$ cat protein_35.cif   # mmCIF, C-alpha atoms
data_data
#
loop_
_atom_site.label_atom_id
_atom_site.label_comp_id
_atom_site.auth_asym_id
_atom_site.auth_seq_id
_atom_site.Cartn_x
_atom_site.Cartn_y
_atom_site.Cartn_z
CA MET A 1 -67.62 -41.37 -11.69
CA GLU A 2 -68.28 -41.15 -7.97
CA GLN A 3 -69.07 -37.55 -7.07
CA GLN A 4 -67.75 -35.73 -4.02
CA ARG A 5 -68.77 -32.42 -2.50
CA LEU A 6 -65.59 -30.47 -1.87
CA LYS A 7 -64.47 -27.27 -0.21
CA ILE A 8 -60.93 -26.17 -1.02
CA PHE A 9 -59.78 -23.33 1.21
CA ASN A 10 -56.72 -21.42 2.40
CA GLY A 11 -55.20 -21.28 -1.07
CA LYS A 12 -54.20 -18.88 -3.83
CA LEU A 13 -56.69 -19.23 -6.67
CA ILE A 14 -55.34 -18.72 -10.20
CA THR A 15 -58.36 -17.15 -11.92
CA PRO A 16 -58.98 -15.22 -15.16
CA ALA A 17 -58.76 -12.07 -13.04
CA GLY A 18 -55.39 -13.03 -11.55
CA ILE A 19 -54.27 -14.68 -8.32
CA VAL A 20 -56.59 -14.20 -5.35
CA SER A 21 -56.75 -15.79 -1.92
CA GLY A 22 -60.00 -17.66 -1.50
CA THR A 23 -62.17 -20.73 -1.36
CA LEU A 24 -63.47 -23.03 -4.05
CA ILE A 25 -66.63 -25.11 -3.67
CA VAL A 26 -67.49 -28.11 -5.83
CA ALA A 27 -70.71 -30.10 -6.13
CA ASP A 28 -71.61 -32.89 -8.55
CA GLY A 29 -68.34 -32.46 -10.42
CA ILE A 30 -68.95 -28.77 -11.16
CA ILE A 31 -67.47 -25.61 -9.64
CA THR A 32 -70.31 -23.92 -7.76
CA SER A 33 -68.51 -21.10 -5.97
CA VAL A 34 -65.26 -19.15 -6.28
CA GLY A 35 -64.86 -16.55 -3.56
CA GLU A 36 -62.71 -14.93 -0.95
CA GLU A 37 -64.73 -16.05 2.06
CA ASN A 38 -64.10 -19.35 3.82
CA VAL A 39 -67.76 -20.33 3.98
CA GLU A 40 -69.19 -23.36 5.74
CA VAL A 41 -70.29 -26.20 3.46
CA ASP A 42 -72.31 -29.05 4.97
CA ASN A 43 -71.47 -32.65 4.14
CA SER A 44 -68.33 -31.78 2.23
CA ILE A 45 -64.73 -32.96 2.12
CA ALA A 46 -62.59 -30.02 3.23
CA ILE A 47 -59.17 -29.63 1.64
CA ASP A 48 -56.76 -27.19 3.26
CA ALA A 49 -54.52 -25.92 0.45
CA ARG A 50 -52.05 -24.68 3.09
CA GLY A 51 -51.31 -21.50 1.18
CA GLN A 52 -50.53 -23.34 -2.05
CA TYR A 53 -51.77 -22.43 -5.53
CA ILE A 54 -55.11 -23.73 -6.79
CA SER A 55 -55.41 -23.91 -10.57
CA ALA A 56 -57.64 -25.30 -13.27
CA GLY A 57 -56.43 -28.74 -14.32
CA PHE A 58 -53.72 -29.02 -16.96
CA ILE A 59 -54.75 -30.00 -20.50
CA ASP A 60 -52.16 -31.88 -22.57
CA MET A 61 -53.22 -31.87 -26.21
CA HIS A 62 -50.28 -33.94 -27.47
CA VAL A 63 -49.11 -36.95 -25.46
CA HIS A 64 -48.01 -40.42 -26.57
CA GLY A 65 -47.43 -42.27 -23.34
CA GLY A 66 -46.11 -42.51 -19.81
CA GLY A 67 -45.69 -44.91 -16.91
CA GLY A 68 -44.02 -47.44 -19.21
CA CYS A 69 -46.91 -47.54 -21.70
CA ASP A 70 -47.67 -46.03 -25.12
CA PHE A 71 -51.05 -45.48 -26.74
CA MET A 72 -49.70 -47.39 -29.76
CA ASP A 73 -49.60 -50.51 -27.58
CA ALA A 74 -53.32 -50.56 -28.47
CA ASP A 75 -54.16 -52.05 -25.11
CA GLU A 76 -56.83 -50.79 -22.75
CA LYS A 77 -54.58 -51.21 -19.72
CA ALA A 78 -51.93 -49.05 -21.42
CA PHE A 79 -54.46 -46.26 -22.01
CA LEU A 80 -55.53 -46.31 -18.38
CA THR A 81 -51.96 -46.48 -17.04
CA ILE A 82 -50.95 -43.43 -19.08
CA ALA A 83 -54.00 -41.50 -17.87
CA GLU A 84 -53.27 -42.35 -14.24
CA THR A 85 -49.55 -41.57 -14.56
CA HIS A 86 -50.05 -38.06 -15.93
CA ALA A 87 -52.81 -37.26 -13.45
CA LYS A 88 -50.17 -37.42 -10.72
CA TYR A 89 -48.44 -34.47 -12.41
CA GLY A 90 -51.52 -32.29 -12.81
CA THR A 91 -52.90 -33.38 -16.19
CA THR A 92 -56.67 -33.65 -15.87
CA ALA A 93 -57.46 -33.97 -19.60
CA MET A 94 -55.48 -35.12 -22.62
CA LEU A 95 -55.53 -36.08 -26.28
CA PRO A 96 -54.03 -39.56 -26.67
CA THR A 97 -51.69 -39.35 -29.65
CA THR A 98 -50.59 -41.92 -32.22
CA LEU A 99 -47.40 -42.25 -34.23
CA THR A 100 -47.04 -42.87 -37.94
CA SER A 101 -48.15 -46.44 -38.56
CA THR A 102 -50.14 -48.74 -40.81
CA LYS A 103 -53.82 -48.10 -41.37
CA GLU A 104 -54.63 -51.28 -39.44
CA GLU A 105 -52.65 -50.12 -36.41
CA MET A 106 -54.37 -46.74 -36.45
CA ILE A 107 -57.81 -48.34 -36.57
CA GLN A 108 -56.93 -50.74 -33.76
CA THR A 109 -55.68 -47.87 -31.57
CA LEU A 110 -58.85 -45.90 -32.23
CA GLN A 111 -60.97 -48.90 -31.28
CA VAL A 112 -59.09 -49.33 -28.01
CA TYR A 113 -59.59 -45.63 -27.28
CA GLU A 114 -63.34 -46.10 -27.57
CA GLU A 115 -63.20 -49.12 -25.26
CA ALA A 116 -61.03 -47.34 -22.66
CA ASN A 117 -62.77 -43.98 -22.75
CA GLY A 118 -64.90 -43.56 -19.66
CA LYS A 119 -63.03 -46.24 -17.72
CA ASN A 120 -60.18 -43.92 -16.71
CA LEU A 121 -61.82 -43.16 -13.37
CA ASN A 122 -58.55 -42.43 -11.60
CA GLY A 123 -56.74 -40.73 -14.45
CA SER A 124 -56.81 -37.91 -16.94
CA GLN A 125 -59.95 -37.59 -19.05
CA PHE A 126 -59.70 -38.29 -22.78
CA LEU A 127 -60.88 -35.48 -25.04
CA GLY A 128 -60.52 -37.37 -28.31
CA MET A 129 -57.67 -38.84 -30.33
CA HIS A 130 -54.84 -36.99 -32.03
CA LEU A 131 -53.46 -38.77 -35.10
CA GLU A 132 -49.87 -37.70 -35.71
CA GLY A 133 -49.19 -38.91 -39.23
CA PRO A 134 -48.75 -40.79 -41.44
CA TYR A 135 -49.02 -37.95 -43.99
CA PHE A 136 -45.62 -36.33 -43.45
CA ALA A 137 -42.60 -35.03 -45.35
CA MET A 138 -39.90 -37.69 -45.29
CA SER A 139 -37.23 -35.01 -44.85
CA GLN A 140 -38.82 -33.84 -41.58
CA ARG A 141 -39.79 -37.22 -40.15
CA GLY A 142 -37.65 -36.93 -37.00
CA ALA A 143 -38.23 -40.13 -35.02
CA GLN A 144 -41.31 -41.13 -37.04
CA ASP A 145 -40.76 -44.52 -38.71
CA PRO A 146 -40.02 -43.82 -42.41
CA LYS A 147 -41.54 -47.06 -43.68
CA TYR A 148 -45.03 -45.82 -42.80
CA ILE A 149 -44.80 -42.25 -44.13
CA ARG A 150 -46.99 -41.54 -47.15
CA ASN A 151 -49.11 -38.91 -48.89
CA PRO A 152 -52.75 -38.42 -47.94
CA ASP A 153 -54.83 -41.29 -49.29
CA VAL A 154 -58.48 -40.36 -49.89
CA GLU A 155 -59.79 -43.90 -49.58
CA GLU A 156 -57.75 -44.49 -46.44
CA TYR A 157 -58.81 -41.46 -44.44
CA HIS A 158 -62.42 -41.68 -45.62
CA ASP A 159 -62.52 -45.28 -44.41
CA ILE A 160 -60.92 -44.42 -41.05
CA LEU A 161 -63.38 -41.59 -40.45
CA SER A 162 -66.32 -43.81 -41.38
CA ARG A 163 -65.39 -46.12 -38.51
CA THR A 164 -65.09 -43.66 -35.61
CA ALA A 165 -66.04 -40.24 -34.33
CA CYS A 166 -63.32 -40.04 -31.68
CA ILE A 167 -60.64 -38.18 -33.67
CA ARG A 168 -60.22 -34.58 -32.46
CA ARG A 169 -57.13 -33.47 -34.40
CA TRP A 170 -54.92 -34.83 -37.16
CA SER A 171 -51.39 -33.62 -37.89
CA ALA A 172 -50.07 -33.61 -41.47
CA ALA A 173 -47.64 -31.88 -43.84
CA PRO A 174 -49.70 -29.40 -45.88
CA GLU A 175 -47.38 -29.27 -48.90
CA LEU A 176 -48.00 -32.92 -49.81
CA GLU A 177 -50.13 -33.85 -52.79
CA GLY A 178 -53.72 -34.09 -51.59
CA ALA A 179 -53.02 -32.45 -48.22
CA LEU A 180 -55.25 -29.42 -48.82
CA GLU A 181 -58.16 -31.64 -49.82
CA PHE A 182 -57.45 -33.78 -46.76
CA GLY A 183 -57.45 -30.76 -44.45
CA ARG A 184 -60.65 -29.39 -45.93
CA TYR A 185 -62.38 -32.76 -45.55
CA ILE A 186 -61.43 -33.47 -41.94
CA LYS A 187 -62.27 -29.89 -41.00
CA SER A 188 -65.79 -30.50 -42.34
CA LYS A 189 -65.99 -33.45 -39.94
CA GLY A 190 -65.13 -31.32 -36.92
CA ILE A 191 -61.49 -32.43 -36.78
CA LEU A 192 -58.67 -29.90 -36.34
CA PRO A 193 -55.99 -30.15 -39.08
CA SER A 194 -52.53 -29.33 -37.73
CA VAL A 195 -49.29 -28.53 -39.58
CA ALA A 196 -46.56 -31.03 -38.70
CA HIS A 197 -43.36 -32.77 -39.86
CA THR A 198 -43.27 -30.53 -42.88
CA ASP A 199 -40.98 -28.74 -45.32
CA ALA A 200 -43.66 -26.28 -46.38
CA ILE A 201 -42.94 -22.65 -47.18
CA TYR A 202 -45.14 -19.67 -46.40
CA GLU A 203 -47.03 -19.96 -49.68
CA ASP A 204 -48.02 -23.53 -48.75
CA VAL A 205 -48.90 -22.66 -45.16
CA ILE A 206 -51.18 -19.73 -45.98
CA LYS A 207 -53.19 -21.97 -48.34
CA ALA A 208 -53.36 -24.61 -45.63
CA PHE A 209 -54.46 -22.09 -43.02
CA GLU A 210 -57.31 -21.00 -45.26
CA VAL A 211 -58.70 -24.58 -45.42
CA GLY A 212 -58.41 -25.17 -41.68
CA TYR A 213 -54.81 -25.88 -40.65
CA THR A 214 -54.89 -23.38 -37.78
CA LEU A 215 -52.41 -25.09 -35.44
CA ALA A 216 -48.67 -25.73 -35.72
CA THR A 217 -47.70 -29.05 -34.10
CA HIS A 218 -44.68 -28.80 -31.74
CA LEU A 219 -43.36 -25.55 -33.20
CA TYR A 220 -39.71 -25.73 -34.37
CA SER A 221 -39.66 -29.52 -34.05
CA GLY A 222 -39.97 -31.36 -37.37
CA MET A 223 -40.62 -28.29 -39.51
CA SER A 224 -38.94 -25.87 -41.88
CA GLY A 225 -37.48 -22.49 -41.07
CA VAL A 226 -36.04 -20.06 -43.59
CA THR A 227 -34.84 -22.03 -46.64
CA ARG A 228 -33.10 -21.22 -49.93
CA ARG A 229 -34.22 -22.50 -53.28
CA ASN A 230 -32.17 -21.49 -56.31
CA ALA A 231 -30.54 -18.72 -54.27
CA PHE A 232 -33.88 -17.21 -53.20
CA ARG A 233 -34.94 -17.24 -49.56
CA TYR A 234 -38.36 -18.49 -48.47
CA ALA A 235 -40.10 -18.27 -45.12
CA GLY A 236 -40.69 -21.68 -43.61
CA VAL A 237 -43.41 -22.99 -41.30
CA VAL A 238 -41.88 -21.41 -38.20
CA GLU A 239 -41.93 -17.93 -39.73
CA SER A 240 -45.39 -18.57 -41.18
CA ALA A 241 -46.76 -19.43 -37.75
CA PHE A 242 -45.37 -16.14 -36.45
CA ILE A 243 -46.70 -14.09 -39.38
CA ILE A 244 -50.24 -15.52 -39.36
CA ASP A 245 -51.88 -13.91 -36.34
CA GLY A 246 -54.71 -16.45 -36.23
CA MET A 247 -52.46 -19.51 -36.15
CA ASP A 248 -52.06 -21.24 -32.81
CA VAL A 249 -48.86 -23.03 -31.85
CA GLU A 250 -47.90 -25.71 -29.36
CA ILE A 251 -44.43 -26.13 -27.90
CA ILE A 252 -42.64 -28.93 -26.08
CA ALA A 253 -41.58 -26.84 -23.09
CA ASP A 254 -39.37 -29.46 -21.45
CA GLY A 255 -36.34 -27.19 -21.53
CA VAL A 256 -34.55 -29.51 -23.95
CA HIS A 257 -36.45 -29.47 -27.25
CA LEU A 258 -36.35 -25.67 -27.25
CA PRO A 259 -33.68 -23.57 -25.52
CA ALA A 260 -34.52 -20.49 -23.48
CA PRO A 261 -34.11 -17.96 -26.35
CA LEU A 262 -36.65 -19.80 -28.51
CA LEU A 263 -39.10 -20.19 -25.65
CA LYS A 264 -38.83 -16.44 -25.09
CA LEU A 265 -39.25 -15.72 -28.81
CA VAL A 266 -42.41 -17.84 -29.10
CA TYR A 267 -43.89 -16.13 -26.06
CA LYS A 268 -42.91 -12.67 -27.32
CA ILE A 269 -44.52 -13.17 -30.72
CA LYS A 270 -47.47 -15.51 -30.12
CA GLY A 271 -48.13 -14.82 -26.45
CA ALA A 272 -49.91 -16.96 -23.89
CA ASP A 273 -53.24 -16.72 -25.74
CA ARG A 274 -51.91 -18.44 -28.87
CA THR A 275 -49.36 -20.84 -27.35
CA ALA A 276 -50.21 -24.20 -25.78
CA LEU A 277 -47.74 -26.23 -23.72
CA ILE A 278 -47.50 -29.93 -24.56
CA THR A 279 -45.46 -32.80 -23.15
CA ASP A 280 -45.24 -34.89 -26.37
CA ALA A 281 -44.35 -37.49 -23.75
CA MET A 282 -43.46 -41.05 -24.71
CA ARG A 283 -43.69 -44.15 -22.53
CA ALA A 284 -40.67 -43.29 -20.36
CA ALA A 285 -42.40 -40.25 -18.83
CA GLY A 286 -43.02 -40.77 -15.14
CA THR A 287 -40.32 -43.48 -14.93
CA ASP A 288 -36.56 -43.52 -14.36
CA VAL A 289 -35.58 -45.92 -17.17
CA LYS A 290 -32.51 -45.31 -19.36
CA GLU A 291 -33.71 -47.30 -22.37
CA SER A 292 -37.19 -47.42 -23.82
CA ILE A 293 -39.29 -47.94 -26.95
CA LEU A 294 -41.01 -45.28 -29.03
CA GLY A 295 -44.36 -46.52 -30.29
CA ASN A 296 -45.75 -50.04 -30.01
CA LYS A 297 -43.91 -52.11 -27.39
CA ASN A 298 -43.40 -54.95 -29.90
CA THR A 299 -42.68 -53.10 -33.13
CA GLY A 300 -41.54 -49.62 -32.05
CA LEU A 301 -38.14 -47.94 -32.24
CA LYS A 302 -35.57 -48.46 -29.50
CA VAL A 303 -34.54 -45.20 -27.85
CA ILE A 304 -32.31 -44.03 -25.04
CA VAL A 305 -33.26 -41.64 -22.27
CA GLU A 306 -30.65 -39.10 -21.19
CA ASP A 307 -30.37 -35.37 -20.58
CA GLY A 308 -34.05 -35.33 -19.66
CA VAL A 309 -35.21 -36.38 -23.13
CA ALA A 310 -35.65 -39.47 -25.33
CA LYS A 311 -33.24 -39.83 -28.27
CA LEU A 312 -32.63 -42.21 -31.12
CA PRO A 313 -29.69 -44.50 -30.27
CA ASP A 314 -27.35 -42.66 -32.66
CA ARG A 315 -28.31 -39.41 -30.91
CA ASN A 316 -29.04 -37.63 -34.21
CA SER A 317 -32.63 -36.85 -33.27
CA PHE A 318 -34.86 -36.47 -30.24
CA ALA A 319 -37.50 -39.19 -29.98
CA GLY A 320 -40.17 -37.52 -27.90
CA SER A 321 -39.98 -36.03 -24.46
CA VAL A 322 -40.19 -37.62 -21.03
CA ALA A 323 -41.77 -34.50 -19.56
CA THR A 324 -44.85 -34.25 -17.41
CA ALA A 325 -47.13 -31.21 -17.33
CA ASP A 326 -45.72 -29.75 -14.12
CA ARG A 327 -42.28 -29.62 -15.71
CA LEU A 328 -43.64 -27.55 -18.60
CA VAL A 329 -44.93 -24.89 -16.24
CA ARG A 330 -41.64 -24.80 -14.30
CA THR A 331 -39.68 -24.49 -17.52
CA MET A 332 -41.67 -21.54 -18.81
CA ILE A 333 -41.29 -19.70 -15.51
CA SER A 334 -37.58 -20.41 -15.04
CA MET A 335 -36.28 -20.42 -18.63
CA ALA A 336 -38.72 -18.23 -20.54
CA GLU A 337 -39.03 -15.95 -17.51
CA ILE A 338 -42.79 -15.53 -17.77
CA SER A 339 -45.35 -15.16 -15.00
CA LEU A 340 -47.04 -18.09 -13.30
CA VAL A 341 -50.41 -16.77 -14.51
CA ASP A 342 -49.33 -16.85 -18.17
CA ALA A 343 -47.64 -20.24 -17.83
CA ILE A 344 -50.84 -21.67 -16.39
CA LYS A 345 -52.91 -20.05 -19.14
CA MET A 346 -50.77 -21.87 -21.73
CA ILE A 347 -51.69 -25.26 -20.29
CA THR A 348 -55.32 -24.56 -19.31
CA ILE A 349 -57.32 -21.83 -21.02
CA THR A 350 -55.41 -21.82 -24.32
CA PRO A 351 -55.56 -25.57 -25.09
CA ALA A 352 -59.19 -25.61 -23.96
CA ARG A 353 -60.01 -22.95 -26.57
CA ILE A 354 -58.00 -24.66 -29.31
CA LEU A 355 -59.81 -27.95 -28.66
CA GLY A 356 -63.23 -26.34 -28.45
CA VAL A 357 -63.89 -27.27 -24.81
CA SER A 358 -63.50 -23.84 -23.19
CA ASP A 359 -67.22 -23.83 -22.39
CA ARG A 360 -66.53 -26.40 -19.68
CA LYS A 361 -62.78 -26.57 -19.05
CA GLY A 362 -59.67 -24.46 -18.60
CA GLU A 363 -60.68 -21.99 -15.87
CA LEU A 364 -61.75 -21.84 -12.25
CA VAL A 365 -65.16 -20.42 -13.11
CA VAL A 366 -68.58 -21.25 -11.66
CA GLY A 367 -70.37 -23.75 -13.90
CA LYS A 368 -67.25 -25.33 -15.37
CA ASP A 369 -65.93 -28.82 -14.68
CA ALA A 370 -64.17 -29.22 -11.35
CA ASP A 371 -60.81 -30.17 -12.88
CA ILE A 372 -58.42 -28.75 -10.30
CA VAL A 373 -54.77 -29.03 -9.27
CA ILE A 374 -53.09 -27.81 -6.11
CA PHE A 375 -49.34 -27.18 -6.13
CA ASP A 376 -46.60 -25.34 -4.27
CA HIS A 377 -44.24 -22.56 -5.38
CA ASP A 378 -42.04 -25.16 -7.13
CA VAL A 379 -45.08 -26.47 -9.06
CA THR A 380 -44.92 -29.77 -7.23
CA ILE A 381 -48.41 -31.24 -7.45
CA SER A 382 -50.01 -32.12 -4.13
CA THR A 383 -53.59 -32.81 -5.26
CA THR A 384 -55.31 -33.57 -8.55
CA ILE A 385 -59.09 -33.43 -8.81
CA ILE A 386 -60.98 -34.49 -11.93
CA LYS A 387 -64.68 -33.73 -12.32
CA GLY A 388 -64.87 -33.26 -8.56
CA LYS A 389 -63.13 -36.53 -7.68
CA ILE A 390 -59.79 -36.61 -5.89
CA VAL A 391 -57.62 -38.90 -8.05
CA PHE A 392 -54.22 -38.05 -6.56
CA GLN A 393 -53.13 -36.66 -3.22
CA ARG A 394 -49.54 -36.51 -2.03
#
$ encode --input "protein_35.cif" --output "C-alpha cells"
Amino acid sequence: MEQQRLKIFNGKLITPAGIVSGTLIVADGIITSVGEENVEVDNSIAIDARGQYISAGFIDMHVHGGGGCDFMDADEKAFLTIAETHAKYGTTAMLPTTLTSTKEEMIQTLQVYEEANGKNLNGSQFLGMHLEGPYFAMSQRGAQDPKYIRNPDVEEYHDILSRTACIRRWSAAPELEGALEFGRYIKSKGILPSVAHTDAIYEDVIKAFEVGYTLATHLYSGMSGVTRRNAFRYAGVVESAFIIDGMDVEIIADGVHLPAPLLKLVYKIKGADRTALITDAMRAAGTDVKESILGNKNTGLKVIVEDGVAKLPDRNSFAGSVATADRLVRTMISMAEISLVDAIKMITITPARILGVSDRKGELVVGKDADIVIFDHDVTISTTIIKGKIVFQR
C-alpha cells in the first residue's frame, strides 16, 4: 500500500480520554502524534477537518456484502467491491462473513478470500473470515437456507481447517450434538466460537462459554429468550448473555432489527465495553435497489428491500440488513440515546478487543495503525483513511 505522510488538524479527536480538539500526525501508516498543538509537518498532506470529528476507523466484525455483491459470490471482484463500498461509510476493517452452505462453497469462498486479501488497496482491510453456519438449530434459522443446516461434522470442520488459516470466528448453535467438541477444537486453533441461530437454554450456554463460546452473534436475532418446557421456565440465550458478565455481544444497530427499548436494554446491561455494533449487511447495502439476493448471486434466496431492511418475500423474517457503519452510530445516538464517545467505542475499541487486534487497531493512539475516519455531527463520513492512505474523500 502506498504510504502518505499526513497531518489532520482543526478537528475534534475522539480519544480514550474523551473528545479533545487537536492534531493527528501519521507516518508510514502509523499514528505518530496525537496532540492539541497544530504543529508544522514537512512534506505532508494536510487535511483540515473543519471542526469535524476525527475517530479511529470503524471495525465491522459481521458483514456479508454491499455494493451489489456478496462474499458468497466467491469472486475476487466481489470481495474488493464490498470492501470499497463500506470504506465510503467509515469501515476501515471487517470480517467477511459467509452464509450456511455446502462444504464446497465454504472452501471456495475461503480460497477467494486468500486470493483477494491484500489486494483491497482502496477498501476496508480484511481481518479474517467469519463462518456463519452451517451448524445451526433449524428452528432458529431465520433467512439461512434450511437445506444446508446440519450438526457439527468432525471430519468436515477438521478438513476445512486443514486447508486454511484465515478463519477468525465461527458461529454455531451450542446445544447441537458435537457443538461443545467443535467449539473446544476451533478455540484451540485460535478461532473464536460464537453462539448463533440457537434454541439453547442457560444450562447449554454456560457449558459453551466454558469451552470458548464467549460471543453472542447478533443478540436477539435468531436465538432463544425465556422458554417453557413442561410448564417450567428456562432462561434462553438472550438472558444467558446478560447473566454471564464475561460474554460479549454484537447487535445489528440499524434501528430495525432491534427497537429502541432493546437497544437501551443491551447498553444498560452489557455496556459499551461488551457490545459491538455490526451491520450484518447483505449485498443491497450501499445501493438503492428494491429487490436483491441473499447469498450467492446464482443460488441465493430472493429478498425484498423495504423499511430500511432486507426481508424474505413473504415478509415473515428479516434477511440481513442494508446498513452501513455510519448508520449504526447514528442509531445508537438517536434511538438508544447514548453518547457519541460510547457509540464510537462500540464500533472501534470493543470489536478490536474481541477480535484480538487491539494492540494495533481501535483507538487514536501513537503506535497504532492509522485507520481514521472524519465525520460531521450527523455522522456523515467525509474522509476515510486506512493504514495512512486516503481511500475516500467527499
$ resolve_selection --input "protein_35.cif" --expression "the PyMOL selection byres ((chain A and resi 347) around 12)" --output "PDB file with C-alpha atoms, keeping the file's coordinate frame"
ATOM      1  CA  SER A  55     -55.410 -23.910 -10.570  1.00  0.00           C
ATOM      2  CA  ALA A  56     -57.640 -25.300 -13.270  1.00  0.00           C
ATOM      3  CA  GLY A  57     -56.430 -28.740 -14.320  1.00  0.00           C
ATOM      4  CA  PHE A  58     -53.720 -29.020 -16.960  1.00  0.00           C
ATOM      5  CA  ILE A  59     -54.750 -30.000 -20.500  1.00  0.00           C
ATOM      6  CA  ASP A  60     -52.160 -31.880 -22.570  1.00  0.00           C
ATOM      7  CA  MET A  61     -53.220 -31.870 -26.210  1.00  0.00           C
ATOM      8  CA  HIS A  62     -50.280 -33.940 -27.470  1.00  0.00           C
ATOM      9  CA  GLY A  90     -51.520 -32.290 -12.810  1.00  0.00           C
ATOM     10  CA  THR A  91     -52.900 -33.380 -16.190  1.00  0.00           C
ATOM     11  CA  THR A  92     -56.670 -33.650 -15.870  1.00  0.00           C
ATOM     12  CA  ALA A  93     -57.460 -33.970 -19.600  1.00  0.00           C
ATOM     13  CA  MET A  94     -55.480 -35.120 -22.620  1.00  0.00           C
ATOM     14  CA  GLU A 250     -47.900 -25.710 -29.360  1.00  0.00           C
ATOM     15  CA  ILE A 251     -44.430 -26.130 -27.900  1.00  0.00           C
ATOM     16  CA  ILE A 252     -42.640 -28.930 -26.080  1.00  0.00           C
ATOM     17  CA  ALA A 253     -41.580 -26.840 -23.090  1.00  0.00           C
ATOM     18  CA  ALA A 272     -49.910 -16.960 -23.890  1.00  0.00           C
ATOM     19  CA  ASP A 273     -53.240 -16.720 -25.740  1.00  0.00           C
ATOM     20  CA  ARG A 274     -51.910 -18.440 -28.870  1.00  0.00           C
ATOM     21  CA  THR A 275     -49.360 -20.840 -27.350  1.00  0.00           C
ATOM     22  CA  ALA A 276     -50.210 -24.200 -25.780  1.00  0.00           C
ATOM     23  CA  LEU A 277     -47.740 -26.230 -23.720  1.00  0.00           C
ATOM     24  CA  ILE A 278     -47.500 -29.930 -24.560  1.00  0.00           C
ATOM     25  CA  THR A 279     -45.460 -32.800 -23.150  1.00  0.00           C
ATOM     26  CA  THR A 324     -44.850 -34.250 -17.410  1.00  0.00           C
ATOM     27  CA  ALA A 325     -47.130 -31.210 -17.330  1.00  0.00           C
ATOM     28  CA  ASP A 326     -45.720 -29.750 -14.120  1.00  0.00           C
ATOM     29  CA  ARG A 327     -42.280 -29.620 -15.710  1.00  0.00           C
ATOM     30  CA  LEU A 328     -43.640 -27.550 -18.600  1.00  0.00           C
ATOM     31  CA  VAL A 329     -44.930 -24.890 -16.240  1.00  0.00           C
ATOM     32  CA  ARG A 330     -41.640 -24.800 -14.300  1.00  0.00           C
ATOM     33  CA  MET A 332     -41.670 -21.540 -18.810  1.00  0.00           C
ATOM     34  CA  LEU A 340     -47.040 -18.090 -13.300  1.00  0.00           C
ATOM     35  CA  VAL A 341     -50.410 -16.770 -14.510  1.00  0.00           C
ATOM     36  CA  ASP A 342     -49.330 -16.850 -18.170  1.00  0.00           C
ATOM     37  CA  ALA A 343     -47.640 -20.240 -17.830  1.00  0.00           C
ATOM     38  CA  ILE A 344     -50.840 -21.670 -16.390  1.00  0.00           C
ATOM     39  CA  LYS A 345     -52.910 -20.050 -19.140  1.00  0.00           C
ATOM     40  CA  MET A 346     -50.770 -21.870 -21.730  1.00  0.00           C
ATOM     41  CA  THR A 348     -55.320 -24.560 -19.310  1.00  0.00           C
ATOM     42  CA  ILE A 349     -57.320 -21.830 -21.020  1.00  0.00           C
ATOM     43  CA  THR A 350     -55.410 -21.820 -24.320  1.00  0.00           C
ATOM     44  CA  PRO A 351     -55.560 -25.570 -25.090  1.00  0.00           C
ATOM     45  CA  ALA A 352     -59.190 -25.610 -23.960  1.00  0.00           C
ATOM     46  CA  ARG A 353     -60.010 -22.950 -26.570  1.00  0.00           C
ATOM     47  CA  ILE A 354     -58.000 -24.660 -29.310  1.00  0.00           C
ATOM     48  CA  LEU A 355     -59.810 -27.950 -28.660  1.00  0.00           C
ATOM     49  CA  LYS A 361     -62.780 -26.570 -19.050  1.00  0.00           C
ATOM     50  CA  GLY A 362     -59.670 -24.460 -18.600  1.00  0.00           C
ATOM     51  CA  GLU A 363     -60.680 -21.990 -15.870  1.00  0.00           C
TER      52      GLU A 363
END
$ resolve_selection --input "protein_35.cif" --expression "the PyMOL selection byres ((chain A and resi 14) around 7)" --output "short mmCIF file (atom, residue, chain, number, x, y, z; two decimals) with C-alpha atoms, in the coordinates of the input"
data_model
loop_
_atom_site.label_atom_id
_atom_site.label_comp_id
_atom_site.auth_asym_id
_atom_site.auth_seq_id
_atom_site.Cartn_x
_atom_site.Cartn_y
_atom_site.Cartn_z
CA LYS A 12 -54.20 -18.88 -3.83
CA LEU A 13 -56.69 -19.23 -6.67
CA THR A 15 -58.36 -17.15 -11.92
CA GLY A 18 -55.39 -13.03 -11.55
CA ILE A 19 -54.27 -14.68 -8.32
CA VAL A 20 -56.59 -14.20 -5.35
CA TYR A 53 -51.77 -22.43 -5.53
CA ILE A 54 -55.11 -23.73 -6.79
CA SER A 55 -55.41 -23.91 -10.57
CA VAL A 341 -50.41 -16.77 -14.51
#
$ atom_distance --input "protein_35.cif" --atom1 "CA of Thr198 (chain A)" --atom2 "CA of Ile186 (chain A)"
18.4 Å
$ closest_residue --input "protein_35.cif" --among "A:Ile244, A:Lys7, A:Glu115, A:Ile390" --to "Ala46 (chain A)" --atoms "all atoms listed in the file"
A:Lys7
$ resolve_selection --input "protein_35.cif" --expression "the PyMOL selection byres ((chain A and resi 236) around 6)" --output "list of chain:residue names"
A:Ile201, A:Tyr202, A:Ser224, A:Gly225, A:Val226, A:Ala235, A:Val237, A:Val238, A:Glu239
$ closest_residue --input "protein_35.cif" --among "A:Ser171, A:Ser162, A:Thr85, A:Thr32" --to "Thr97 (chain A)" --atoms "only C-alpha atoms"
A:Ser171
$ closest_residue --input "protein_35.cif" --among "A:Gly300, A:Ser292, A:Gly356, A:Val34" --to "Pro16 (chain A)" --atoms "only C-alpha atoms"
A:Val34
$ residues_around --input "protein_35.cif" --residues "Val303 (chain A)" --least-positions-apart "5" --cutoff "6 Å" --atoms "all atoms listed in the file" --output "number ranges by chain"
A: 291-293, 311-313
$ closest_residue --input "protein_35.cif" --among "A:Arg5, A:Arg360, A:His377, A:Lys389" --to "Ile25 (chain A)" --atoms "all atoms listed in the file"
A:Arg5
$ closest_residue --input "protein_35.cif" --among "A:Lys103, A:Lys264, A:Lys387, A:Lys297" --to "Gly367 (chain A)" --atoms "all atoms listed in the file"
A:Lys387
$ residues_near_point --input "protein_35.cif" --point "(-49.0, -49.1, -22.7)" --cutoff "9 Å" --atoms "all atoms listed in the file" --output "PyMOL selection string"
chain A and resi 65-82+283+296-297
$ atom_distance --input "protein_35.cif" --atom1 "CA of Gly222 (chain A)" --atom2 "CA of Ser334 (chain A)"
25.0 Å
$ atom_distance --input "protein_35.cif" --atom1 "CA of Leu263 (chain A)" --atom2 "CA of Asp307 (chain A)"
18.2 Å
